[in-house]
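Student: What follows is my_file-v1.txt, compact mmCIF, C-alpha atoms and all ligand atoms.
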# COMPACT_ATOMS: atom_id res chain seq x y z
CA MET A 377 -20.10 -6.93 21.35
CA ASN A 378 -16.70 -5.22 21.64
CA LYS A 379 -17.37 -4.59 25.34
CA GLN A 380 -16.97 -8.33 25.92
CA PHE A 381 -13.83 -9.93 27.33
CA PRO A 382 -11.06 -9.96 24.73
CA LEU A 383 -11.29 -12.95 22.40
CA THR A 384 -8.21 -15.13 22.57
CA GLY A 385 -8.61 -17.30 19.48
CA ILE A 386 -8.69 -16.41 15.80
CA SER A 387 -11.76 -18.57 15.02
CA SER A 388 -13.74 -16.71 17.69
CA VAL A 389 -12.65 -13.43 16.08
CA ALA A 390 -13.57 -14.65 12.58
CA ILE A 391 -17.03 -15.62 13.82
CA HIS A 392 -17.82 -12.85 16.34
CA ALA A 393 -15.80 -9.74 15.48
CA ALA A 394 -18.45 -8.07 13.36
CA GLY A 395 -22.05 -7.99 12.17
CA LYS A 396 -23.84 -8.16 15.52
CA ASP A 397 -25.94 -5.02 15.40
CA ASN A 398 -28.58 -4.97 12.70
CA ALA A 399 -31.92 -3.37 13.37
CA ASP A 400 -34.02 -6.48 12.71
CA TYR A 401 -32.20 -8.97 14.96
CA ALA A 402 -31.19 -11.13 12.01
CA HIS A 403 -28.65 -13.70 13.17
CA LEU A 404 -26.47 -13.02 10.11
CA THR A 405 -25.83 -9.63 8.54
CA PRO A 406 -28.48 -9.46 5.80
CA ILE A 407 -27.64 -9.05 2.12
CA TYR A 408 -28.48 -5.34 1.89
CA ALA A 409 -29.32 -5.43 -1.82
CA THR A 410 -29.91 -1.73 -2.15
CA SER A 411 -28.16 0.95 -4.17
CA THR A 412 -29.13 3.79 -1.86
CA PHE A 413 -30.26 4.56 1.71
CA THR A 414 -33.07 6.81 2.90
CA PHE A 415 -32.90 9.88 5.11
CA ASP A 416 -35.59 10.72 7.71
CA SER A 417 -34.98 14.41 7.16
CA ALA A 418 -32.70 16.86 5.39
CA GLN A 419 -30.81 17.32 8.64
CA GLU A 420 -30.24 13.60 9.05
CA GLY A 421 -29.01 13.43 5.46
CA SER A 422 -26.51 16.18 6.01
CA ASP A 423 -25.35 14.59 9.28
CA ARG A 424 -24.65 11.35 7.50
CA PHE A 425 -22.74 13.10 4.71
CA ALA A 426 -20.69 14.97 7.30
CA GLY A 427 -20.04 11.93 9.50
CA ALA A 428 -17.10 9.53 9.44
CA ASP A 429 -19.37 6.57 8.67
CA LYS A 430 -20.23 6.77 4.97
CA THR A 431 -21.82 3.31 4.79
CA LYS A 432 -25.49 4.31 4.77
CA ILE A 433 -25.68 6.84 1.93
CA TYR A 434 -25.00 5.14 -1.42
CA SER A 435 -23.61 1.64 -1.97
CA ARG A 436 -20.64 2.71 -4.07
CA TRP A 437 -19.54 4.49 -0.89
CA GLY A 438 -20.31 1.63 1.48
CA ASN A 439 -22.99 -0.81 2.58
CA PRO A 440 -23.61 -2.63 5.89
CA THR A 441 -23.01 -6.03 4.25
CA PHE A 442 -19.57 -4.81 3.15
CA THR A 443 -18.94 -3.43 6.63
CA THR A 444 -19.33 -6.85 8.26
CA ALA A 445 -16.80 -8.38 5.87
CA GLU A 446 -14.42 -5.42 6.26
CA GLU A 447 -14.53 -5.42 10.04
CA THR A 448 -13.95 -9.17 10.13
CA ILE A 449 -10.86 -8.98 7.91
CA ALA A 450 -9.54 -5.98 9.86
CA ALA A 451 -9.99 -7.90 13.14
CA LEU A 452 -8.19 -10.94 11.69
CA GLU A 453 -5.20 -8.96 10.37
CA ALA A 454 -4.92 -7.03 13.67
CA PHE A 455 -5.50 -10.08 15.89
CA GLY A 456 -3.08 -10.07 18.82
CA LEU A 457 -1.07 -7.10 17.47
CA SER A 458 -0.41 -3.89 19.39
CA ASN A 459 0.71 -0.37 18.63
CA PRO A 460 4.10 0.77 19.98
CA ASP A 461 2.23 2.25 23.01
CA GLY A 462 0.72 -1.15 23.85
CA SER A 463 -2.85 -0.45 22.72
CA GLN A 464 -4.59 -2.88 20.37
CA LEU A 465 -3.77 -2.18 16.71
CA GLN A 466 -6.76 -0.83 14.76
CA LEU A 467 -7.03 -1.26 11.01
CA LYS A 468 -9.40 0.04 8.36
CA ALA A 469 -10.39 -2.30 5.53
CA LEU A 470 -12.02 -1.37 2.23
CA LEU A 471 -13.73 -4.14 0.31
CA HIS A 472 -13.50 -4.08 -3.49
CA SER A 473 -15.03 -5.90 -6.44
CA SER A 474 -11.77 -7.78 -7.08
CA GLY A 475 -8.20 -8.03 -5.94
CA GLN A 476 -7.19 -6.00 -8.98
CA ALA A 477 -9.59 -3.19 -7.99
CA ALA A 478 -8.19 -3.10 -4.44
CA MET A 479 -4.67 -2.98 -5.85
CA THR A 480 -5.58 -0.14 -8.22
CA THR A 481 -6.89 1.85 -5.24
CA LEU A 482 -3.69 1.11 -3.33
CA PHE A 483 -1.34 2.31 -6.06
CA LEU A 484 -3.35 5.33 -7.23
CA SER A 485 -4.19 6.65 -3.76
CA THR A 486 -0.60 6.48 -2.51
CA LEU A 487 1.39 7.52 -5.61
CA LYS A 488 1.51 10.18 -8.30
CA ALA A 489 3.28 10.61 -11.63
CA GLY A 490 7.06 10.57 -11.11
CA ASP A 491 6.91 8.23 -8.09
CA THR A 492 8.39 4.73 -8.27
CA ILE A 493 7.23 1.41 -6.84
CA LEU A 494 9.98 -0.99 -5.82
CA SER A 495 8.93 -4.62 -6.15
CA HIS A 496 10.31 -8.05 -7.02
CA PHE A 497 10.25 -10.45 -9.96
CA SER A 498 7.88 -13.22 -8.93
CA LEU A 499 4.62 -11.28 -8.79
CA TYR A 500 1.07 -12.35 -9.51
CA GLY A 501 0.55 -11.96 -13.29
CA GLY A 502 -2.20 -9.35 -12.90
CA THR A 503 -0.02 -7.24 -10.60
CA HIS A 504 2.91 -7.46 -12.99
CA GLU A 505 0.82 -6.27 -15.92
CA LEU A 506 -0.95 -3.58 -13.88
CA LEU A 507 2.40 -2.13 -12.81
CA LEU A 508 4.34 -2.41 -16.06
CA LYS A 509 1.63 -1.89 -18.66
CA VAL A 510 -1.13 0.19 -17.05
CA LEU A 511 0.44 2.26 -14.28
CA ALA A 512 3.48 2.95 -16.45
CA GLN A 513 1.14 5.01 -18.67
CA THR A 514 0.17 7.22 -15.72
CA GLY A 515 3.80 8.12 -15.05
CA ILE A 516 4.08 5.86 -12.00
CA LYS A 517 7.21 3.78 -12.56
CA THR A 518 8.13 0.32 -11.31
CA THR A 519 11.55 -1.12 -10.55
CA LEU A 520 11.74 -4.90 -10.12
CA ILE A 521 14.66 -6.47 -8.28
CA ASP A 522 15.49 -9.72 -6.47
CA MET A 523 14.46 -8.92 -2.89
CA HIS A 524 16.13 -12.02 -1.45
CA ASP A 525 19.26 -9.90 -1.55
CA LEU A 526 18.72 -7.15 1.03
CA ASN A 527 21.75 -5.27 -0.29
CA LEU A 528 19.95 -4.83 -3.60
CA VAL A 529 16.91 -3.47 -1.73
CA GLU A 530 19.08 -1.01 0.19
CA ASP A 531 20.98 0.08 -2.94
CA ALA A 532 17.77 0.68 -4.86
CA LEU A 533 16.27 2.76 -2.03
CA LYS A 534 19.51 4.76 -1.64
CA LYS A 535 19.93 5.47 -5.33
CA ASP A 536 16.35 6.32 -6.19
CA PRO A 537 14.59 8.85 -3.95
CA SER A 538 11.49 8.59 -6.17
CA ILE A 539 10.73 5.17 -4.60
CA LYS A 540 7.68 5.91 -2.46
CA LEU A 541 6.21 2.42 -2.09
CA VAL A 542 7.78 -1.00 -1.63
CA HIS A 543 5.32 -3.70 -2.69
CA ILE A 544 5.99 -7.30 -1.74
CA GLU A 545 4.15 -10.53 -2.36
CA THR A 546 5.12 -13.44 -0.13
CA PRO A 547 4.73 -16.36 -0.71
CA ALA A 548 4.54 -15.84 -4.48
CA ASN A 549 3.82 -17.74 -7.66
CA PRO A 550 4.87 -20.13 -9.14
CA THR A 551 7.91 -21.30 -7.18
CA ILE A 552 6.55 -20.15 -3.77
CA GLN A 553 9.34 -17.63 -3.24
CA CYS A 554 9.26 -15.81 0.09
CA VAL A 555 10.96 -12.58 1.10
CA ASP A 556 11.69 -11.20 4.56
CA ILE A 557 8.88 -8.76 5.45
CA GLU A 558 10.61 -7.49 8.61
CA GLU A 559 13.99 -6.73 7.03
CA ILE A 560 12.55 -5.15 3.90
CA THR A 561 10.20 -2.99 5.99
CA LEU A 562 13.11 -1.79 8.16
CA LEU A 563 15.01 -0.69 5.05
CA ALA A 564 11.96 0.95 3.49
CA LYS A 565 11.24 2.90 6.68
CA GLN A 566 14.85 4.21 6.77
CA HIS A 567 14.13 5.74 3.37
CA ARG A 568 10.60 6.92 4.23
CA ALA A 569 8.93 4.59 1.75
CA LEU A 570 5.54 3.01 2.41
CA VAL A 571 5.28 -0.79 2.42
CA SER A 572 2.42 -2.90 1.11
CA VAL A 573 2.16 -6.68 1.30
CA ASP A 574 0.06 -8.99 -0.88
CA ASN A 575 -0.96 -11.50 1.79
CA THR A 576 -3.29 -13.53 -0.46
CA PHE A 577 -1.38 -16.84 -0.35
CA ALA A 578 -0.87 -16.74 3.42
CA THR A 579 -4.10 -15.24 4.85
CA PRO A 580 -4.00 -13.52 8.26
CA TYR A 581 -4.13 -16.95 9.89
CA LEU A 582 -0.66 -17.83 8.59
CA GLN A 583 1.01 -14.43 8.41
CA GLN A 584 0.28 -10.94 9.81
CA PRO A 585 2.47 -8.38 8.04
CA PHE A 586 1.31 -5.46 10.26
CA GLN A 587 3.38 -7.13 12.99
CA TYR A 588 6.46 -5.87 11.14
CA GLY A 589 5.25 -2.30 10.74
CA VAL A 590 4.01 -2.43 7.13
CA ASP A 591 1.52 0.25 6.05
CA PHE A 592 -0.92 -1.73 3.89
CA VAL A 593 -2.01 -5.31 3.42
CA PHE A 594 -3.80 -6.47 0.32
CA HIS A 595 -5.81 -9.64 -0.35
CA SER A 596 -7.54 -11.14 -3.28
CA THR A 597 -10.46 -12.39 -1.14
CA THR A 598 -11.34 -14.60 -4.11
CA LYS A 599 -8.87 -17.13 -2.72
CA PHE A 600 -8.57 -18.49 0.85
CA LEU A 601 -10.61 -15.80 2.62
CA ASN A 602 -13.74 -16.69 0.66
CA GLY A 603 -12.42 -20.24 0.52
CA HIS A 604 -15.15 -21.79 -1.60
CA GLY A 605 -14.61 -20.13 -4.96
CA THR A 606 -18.02 -18.44 -4.92
CA ALA A 607 -17.03 -14.83 -5.65
CA ILE A 608 -14.29 -12.52 -6.92
CA GLY A 609 -13.27 -9.88 -4.39
CA GLY A 610 -10.41 -7.89 -2.93
CA VAL A 611 -9.61 -5.93 0.17
CA LEU A 612 -7.15 -3.20 1.08
CA LEU A 613 -6.24 -2.66 4.74
CA GLY A 614 -4.30 0.21 6.26
CA LYS A 615 -3.18 1.26 9.74
CA ASP A 616 -3.26 5.04 9.17
CA LEU A 617 -6.97 5.30 9.90
CA ASP A 618 -7.33 8.95 8.88
CA PHE A 619 -5.55 8.39 5.59
CA MET A 620 -7.70 5.30 4.93
CA ARG A 621 -10.94 7.16 5.72
CA THR A 622 -10.09 10.22 3.64
CA THR A 623 -7.66 9.82 0.73
CA VAL A 624 -7.86 6.06 0.21
CA TRP A 625 -11.63 5.96 0.69
CA LYS A 626 -12.02 8.83 -1.83
CA TRP A 627 -10.02 7.04 -4.53
CA HIS A 628 -11.88 3.81 -3.79
CA ALA A 629 -15.29 5.50 -4.05
CA LEU A 630 -14.41 7.47 -7.18
CA LEU A 631 -12.68 4.65 -9.06
CA GLY A 632 -15.87 2.67 -8.50
CA GLY A 633 -14.42 -0.74 -7.74
CA ASN A 634 -16.94 -1.36 -4.93
CA SER A 635 -18.01 -4.83 -3.89
CA ASN A 636 -21.63 -5.98 -3.98
CA PRO A 637 -23.79 -7.20 -1.09
CA PHE A 638 -24.14 -10.81 -2.24
CA ASP A 639 -20.40 -11.35 -2.72
CA ALA A 640 -19.68 -9.62 0.59
CA PHE A 641 -22.14 -11.97 2.32
CA LEU A 642 -20.50 -15.04 0.75
CA LEU A 643 -17.09 -13.77 1.87
CA THR A 644 -18.28 -13.24 5.44
CA GLN A 645 -19.65 -16.79 5.65
CA GLY A 646 -16.46 -18.22 4.15
CA MET A 647 -14.17 -16.45 6.61
CA LYS A 648 -15.86 -18.04 9.63
CA THR A 649 -14.07 -21.32 8.92
CA LEU A 650 -10.71 -19.79 7.98
CA GLU A 651 -8.72 -21.39 10.80
CA LEU A 652 -10.26 -24.85 10.35
CA ARG A 653 -9.76 -24.74 6.61
CA MET A 654 -6.19 -23.43 6.76
CA GLU A 655 -5.15 -26.07 9.29
CA ARG A 656 -6.44 -28.80 7.00
CA HIS A 657 -5.11 -27.16 3.80
CA CYS A 658 -1.63 -26.89 5.31
CA HIS A 659 -1.61 -30.34 6.84
CA ASN A 660 -2.63 -31.87 3.50
CA ALA A 661 -0.09 -29.74 1.60
CA MET A 662 2.80 -30.99 3.72
CA GLU A 663 1.81 -34.61 3.07
CA VAL A 664 1.41 -33.98 -0.65
CA ALA A 665 4.82 -32.23 -0.84
CA GLU A 666 6.56 -35.13 0.91
CA PHE A 667 4.80 -37.68 -1.30
CA LEU A 668 5.81 -35.83 -4.47
CA ALA A 669 9.37 -35.14 -3.34
CA ASN A 670 9.88 -38.93 -3.09
CA HIS A 671 8.10 -39.84 -6.33
CA PRO A 672 10.17 -41.16 -9.26
CA ALA A 673 8.14 -39.22 -11.90
CA ILE A 674 8.83 -35.87 -10.21
CA ALA A 675 12.04 -33.96 -10.86
CA HIS A 676 11.61 -31.22 -8.29
CA VAL A 677 9.06 -29.84 -5.79
CA ASN A 678 8.81 -26.13 -4.91
CA TYR A 679 7.20 -25.99 -1.48
CA ASN A 680 8.39 -23.66 1.24
CA GLY A 681 7.59 -26.27 3.87
CA LEU A 682 10.38 -28.54 2.57
CA SER A 683 13.87 -27.85 3.92
CA SER A 684 15.12 -28.10 0.30
CA HIS A 685 13.24 -24.86 -0.58
CA PRO A 686 15.60 -21.84 -0.69
CA ASP A 687 13.17 -19.69 1.32
CA HIS A 688 12.27 -22.33 3.92
CA ALA A 689 13.92 -20.40 6.79
CA VAL A 690 12.35 -17.02 6.03
CA SER A 691 8.91 -18.56 5.59
CA MET A 692 9.24 -20.39 8.91
CA LYS A 693 10.21 -17.09 10.55
CA GLN A 694 7.12 -15.19 9.43
CA MET A 695 4.46 -17.85 8.79
CA ARG A 696 2.56 -20.13 11.16
CA HIS A 697 2.55 -22.94 8.56
CA PRO A 698 4.04 -22.94 5.05
CA GLY A 699 0.68 -22.71 3.25
CA ALA A 700 -1.21 -24.77 0.68
CA LEU A 701 0.40 -23.77 -2.62
CA MET A 702 3.17 -25.62 -4.37
CA SER A 703 4.51 -26.30 -7.81
CA TYR A 704 6.46 -29.23 -9.18
CA GLU A 705 8.30 -30.29 -12.24
CA LEU A 706 7.49 -33.55 -14.02
CA LYS A 707 10.50 -35.34 -15.44
CA GLY A 708 8.73 -35.83 -18.77
CA GLY A 709 8.29 -32.11 -19.61
CA LEU A 710 5.39 -30.55 -21.53
CA ASP A 711 3.74 -33.77 -22.74
CA ALA A 712 4.00 -35.40 -19.33
CA GLY A 713 2.45 -32.27 -17.79
CA LYS A 714 -0.53 -32.47 -20.12
CA ARG A 715 -0.96 -36.24 -19.66
CA PHE A 716 -0.80 -35.87 -15.87
CA ILE A 717 -3.38 -33.08 -15.80
CA ASP A 718 -5.70 -35.01 -18.13
CA ALA A 719 -5.50 -38.17 -15.99
CA LEU A 720 -6.71 -36.54 -12.76
CA GLN A 721 -10.03 -37.96 -11.59
CA MET A 722 -10.94 -36.10 -8.39
CA CYS A 723 -8.63 -33.08 -8.27
CA VAL A 724 -9.86 -30.23 -10.41
CA ARG A 725 -8.26 -28.69 -13.51
CA ALA A 726 -8.59 -24.94 -13.01
CA VAL A 727 -6.64 -21.77 -12.42
CA SER A 728 -7.22 -19.83 -9.17
CA LEU A 729 -6.40 -21.18 -5.72
CA GLY A 730 -7.53 -21.29 -2.13
CA THR A 731 -10.76 -23.21 -2.62
CA VAL A 732 -11.83 -26.22 -0.53
CA ASP A 733 -11.16 -28.49 -3.50
CA THR A 734 -7.69 -29.25 -4.83
CA LEU A 735 -6.98 -27.23 -7.98
CA LEU A 736 -4.21 -27.97 -10.46
CA SER A 737 -3.04 -26.08 -13.46
CA HIS A 738 -0.33 -26.53 -16.05
CA PRO A 739 0.89 -22.98 -16.68
CA ALA A 740 2.82 -23.84 -19.87
CA SER A 741 -0.35 -25.05 -21.60
CA MET A 742 -2.86 -22.79 -19.78
CA SER A 743 -2.25 -19.41 -18.10
CA HIS A 744 1.09 -18.80 -19.86
CA PHE A 745 0.30 -20.52 -23.18
CA GLY A 746 0.54 -17.16 -24.99
CA LEU A 747 4.13 -16.53 -23.91
CA LYS A 748 7.19 -17.63 -25.84
CA GLN A 749 9.04 -20.52 -24.23
CA GLU A 750 12.15 -18.42 -23.37
CA GLU A 751 9.97 -15.77 -21.76
CA ARG A 752 8.00 -18.30 -19.75
CA ILE A 753 11.17 -19.91 -18.46
CA LYS A 754 12.41 -16.51 -17.23
CA PHE A 755 9.34 -16.42 -14.94
CA GLY A 756 10.20 -19.91 -13.66
CA ILE A 757 7.46 -21.55 -15.73
CA THR A 758 9.19 -24.54 -17.19
CA ASP A 759 7.48 -26.98 -19.58
CA GLY A 760 6.55 -29.65 -17.05
CA LEU A 761 5.68 -27.34 -14.15
CA ILE A 762 2.40 -28.09 -12.36
CA ARG A 763 0.86 -25.55 -9.97
CA MET A 764 -1.26 -27.03 -7.20
CA SER A 765 -3.52 -25.50 -4.55
CA VAL A 766 -4.05 -28.33 -2.08
CA GLY A 767 -7.65 -28.60 -0.88
CA ILE A 768 -9.27 -29.92 2.29
CA GLU A 769 -10.44 -33.28 0.91
CA ASN A 770 -9.31 -36.40 2.75
CA ILE A 771 -5.60 -36.74 2.21
CA ALA A 772 -5.75 -40.40 1.10
CA ASP A 773 -7.99 -39.46 -1.83
CA ILE A 774 -5.71 -36.61 -2.93
CA LEU A 775 -2.66 -38.92 -2.81
CA ASN A 776 -4.51 -41.74 -4.60
CA ASP A 777 -5.55 -39.41 -7.40
CA LEU A 778 -2.01 -38.02 -7.82
CA GLU A 779 -0.52 -41.54 -7.79
CA GLN A 780 -2.87 -42.94 -10.42
CA ALA A 781 -2.32 -39.86 -12.64
CA LEU A 782 1.48 -40.02 -12.24
CA GLN A 783 1.41 -43.65 -13.36
CA LYS A 784 0.00 -42.45 -16.70
CA VAL A 785 2.70 -39.90 -17.54
C1 LIG A 801 -5.74 -13.74 -7.51
C2 LIG A 801 -4.65 -12.87 -7.04
C3 LIG A 801 -4.66 -11.48 -7.27
C4 LIG A 801 -5.75 -10.80 -8.06
O1 LIG A 801 -6.99 -10.88 -7.45
P1 LIG A 801 -8.41 -10.99 -8.24
O2 LIG A 801 -9.36 -11.24 -7.12
O3 LIG A 801 -8.31 -12.09 -9.24
O4 LIG A 801 -8.62 -9.66 -8.89
C5 LIG A 801 -3.61 -10.74 -6.76
N1 LIG A 801 -2.59 -11.31 -6.08
C6 LIG A 801 -2.55 -12.64 -5.87
C7 LIG A 801 -1.39 -13.22 -5.12
C8 LIG A 801 -3.57 -13.46 -6.33
O5 LIG A 801 -3.49 -14.79 -6.13
Just give me the structure of the file as structure tokens.
Tutor:
Amino acid sequence: MNKQFPLTGISSVAIHAAGKDNADYAHLTPIYATSTFTFDSAQEGSDRFAGADKTKIYSRWGNPTFTTAEETIAALEAFGLSNPDGSQLQLKALLHSSGQAAMTTLFLSTLKAGDTILSHFSLYGGTHELLLKVLAQTGIKTTLIDMHDLNLVEDALKKDPSIKLVHIETPANPTIQCVDIEEITLLAKQHRALVSVDNTFATPYLQQPFQYGVDFVFHSTTKFLNGHGTAIGGVLLGKDLDFMRTTVWKWHALLGGNSNPFDAFLLTQGMKTLELRMERHCHNAMEVAEFLANHPAIAHVNYNGLSSHPDHAVSMKQMRHPGALMSYELKGGLDAGKRFIDALQMCVRAVSLGTVDTLLSHPASMSHFGLKQEERIKFGITDGLIRMSVGIENIADILNDLEQALQKV
């Protein structure tokens, strides 16, 4: 398959990059529901243990159904990118049972007690807790700063030589903040720190952080890569192939956060339509943002596609389209937020994001209900804030549903 002419479009890559060579000529990579793999002889067993390909030994170590998903994601993140010598960039992906498992592998395989992670304030809730509550207990420290200010990034790197990894998430919850991947990576490299990017909100269709020289990209595949909300999953990609195959693979295999064949199969099918879905998601999101920005019941819209968003310019620099996530503030506060959410008829009340259907949540009454109001507001979660992942339904139906619900607040 790879001997073919080079594929020039990302949908072709998503559909054809991987999964072509299975022994039984199945059109799709089968769901290899097996915990272990057989050896024809002792010699063959020892060859497989000694080889670079550890996918046909034991499924915690790897499995051909995972490989198809991994090679597809690696091809998407590397699509059109070259190494400094002009050769095509190669990446290694490791599929995990969840985004959180992939992130645990990332942090534990690259850092040790005494090292520090430099990151920013608006992080996914699970990442924030993993860093500050769980990793803190292992002696791996975290410093959070505002990375919009590159001087703060430079100061932090200069003052603290224990910073070994700079972890950025862009765009990020809930106000869709974006930071400059290229500039932050340049600073990190001057101070010999590794850089990892949580690319979950963007997907490789909208943003390819390896273009800027980052070391790792992370995805919760639960979101847009799967696209249909059928499975939890995560992936970690790296460009240092030896390091990925040895150290990172070892931590991944020993921590035990492996995927499973059924979820990997669902992910592979979902990714085939990534470009089509993202085009529609983003087109719909822009229309929704403009509709809401002009609506009398709405105080404010946070969408990086609007020129009023503080990070509009940086997101336009590094993203193909602004994405499908937004949040907005209802003028009527907490009660209006609840009434609005309750009045929705087609759009779905749920946390998570990146599914074909439009999902809305009201963080103040749902995901962040347990926090005190002052604490919530520090994270940007005001009383009337609604978080919305715009789906691929017909735009008129999304707008009609929002309009009828806004009339009831
Ligand atoms: C969902 C999500 C995660 C965590 O992934 P899981 O698959 O839920 O473990 C991490 N980062 C971002 C940005 C996410 O949206």
Student: Please identify the residues whose atoms come within 9 Å of ligand LIG 801 (chain A), using all atoms listed in the file, and report them as a PyMOL selection string.
Tutor: chain A and resi 473-479+499-503+545-549+574-577+594-599+607-610+728-730
Student: In file coordinates, which residues lie within 10 Å of (-4.5, -41.5, -11.9) using all atoms listed in the file, given as a ChimeraX atom specification?
Tutor: /A:716-722,775-785
Student: List the neighbours of Ser387 (chain A) out to 10 Å using only C-alpha atoms; skip same-chain residues closer than 2 positions along the sequence, and give me the result as number ranges by chain.
Tutor: A: 383-385, 389-393, 452, 581, 647-652
Student: So how far away is CA of Tyr434 (chain A) from CA of Thr412 (chain A), in Å?
Tutor: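 Separation between CA of Thr412 (chain A) and CA of Tyr434 (chain A): 4.4 Å.
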Student: CA of Ala428 (chain A) and CA of Ala629 (chain A) are how many Å apart?
Tutor: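 A separation of 14.2 Å between them.
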Student: Nearest to Gly589 (chain A): which of A:Leu465, A:Ala661, A:Leu533, A:Ile516 is it, counting all atoms listed in the file?
Tutor: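 Of A:Leu465, A:Ala661, A:Leu533, A:Ile516, the one nearest Gly589 (chain A) is A:Leu465, counting all atoms listed in the file.
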Student: For a test of reading the model, state the distance in Å between CA of Val590 (chain A) and CA of His567 (chain A), rounded to one decimal.
Tutor: 13.5 Å
Student: Mind checking which residues fall within 12 Å of Pro739 (chain A), counting all atoms listed in the file, ignoring those fewer than 5 positions away in the same chain, and posting them as a ChimeraX atom specification?
Tutor: /A:501,549-551,703-705,710,713-714,717,725-728,744-747,749,752-753,755-764
Student: Hey, which bits of region 475-593 of chain A sit within 6 Å of region 682-699 of chain A, and for each residue what's the closest pair of atoms and how far apart in Å (one decimal), counting only C-alpha atoms, rows by chain and increasing number, as JSON lines?
Tutor:
{"residue": "A:Cys554", "atom": "CA", "partner": "A:Asp687", "partner_atom": "CA", "distance": 5.6}
{"residue": "A:Leu582", "atom": "CA", "partner": "A:Arg696", "partner_atom": "CA", "distance": 4.7}
{"residue": "A:Gln583", "atom": "CA", "partner": "A:Met695", "partner_atom": "CA", "distance": 4.9}
Student: Mind filling out region 554-558 of chain A with all heavy atoms and sending it as a compact mmCIF listing (two decimals), in the coordinates of the input?
Tutor:
# COMPACT_ATOMS: atom_id res chain seq x y z
N CYS A 554 9.63 -16.64 -1.06
CA CYS A 554 9.26 -15.81 0.09
C CYS A 554 10.36 -14.79 0.33
O CYS A 554 11.54 -15.09 0.13
CB CYS A 554 9.11 -16.67 1.35
SG CYS A 554 7.87 -17.96 1.19
N VAL A 555 9.97 -13.59 0.74
CA VAL A 555 10.96 -12.58 1.10
C VAL A 555 10.70 -12.13 2.53
O VAL A 555 9.61 -12.32 3.07
CB VAL A 555 10.95 -11.37 0.12
CG1 VAL A 555 11.43 -11.80 -1.26
CG2 VAL A 555 9.58 -10.71 0.04
N ASP A 556 11.72 -11.52 3.14
CA ASP A 556 11.69 -11.20 4.56
C ASP A 556 10.94 -9.87 4.79
O ASP A 556 11.48 -8.80 4.54
CB ASP A 556 13.12 -11.13 5.08
CG ASP A 556 13.18 -11.08 6.60
OD1 ASP A 556 12.32 -10.42 7.21
OD2 ASP A 556 14.09 -11.72 7.16
N ILE A 557 9.72 -9.96 5.27
CA ILE A 557 8.88 -8.76 5.45
C ILE A 557 9.53 -7.80 6.45
O ILE A 557 9.58 -6.59 6.24
CB ILE A 557 7.47 -9.14 5.95
CG1 ILE A 557 6.79 -10.13 5.00
CG2 ILE A 557 6.59 -7.90 6.10
CD1 ILE A 557 5.49 -10.71 5.53
N GLU A 558 10.05 -8.34 7.54
CA GLU A 558 10.61 -7.49 8.61
C GLU A 558 11.82 -6.70 8.10
O GLU A 558 11.89 -5.48 8.28
CB GLU A 558 11.01 -8.37 9.79
CG GLU A 558 11.55 -7.58 10.96
CD GLU A 558 11.83 -8.46 12.18
OE1 GLU A 558 12.13 -9.67 12.01
OE2 GLU A 558 11.75 -7.94 13.30
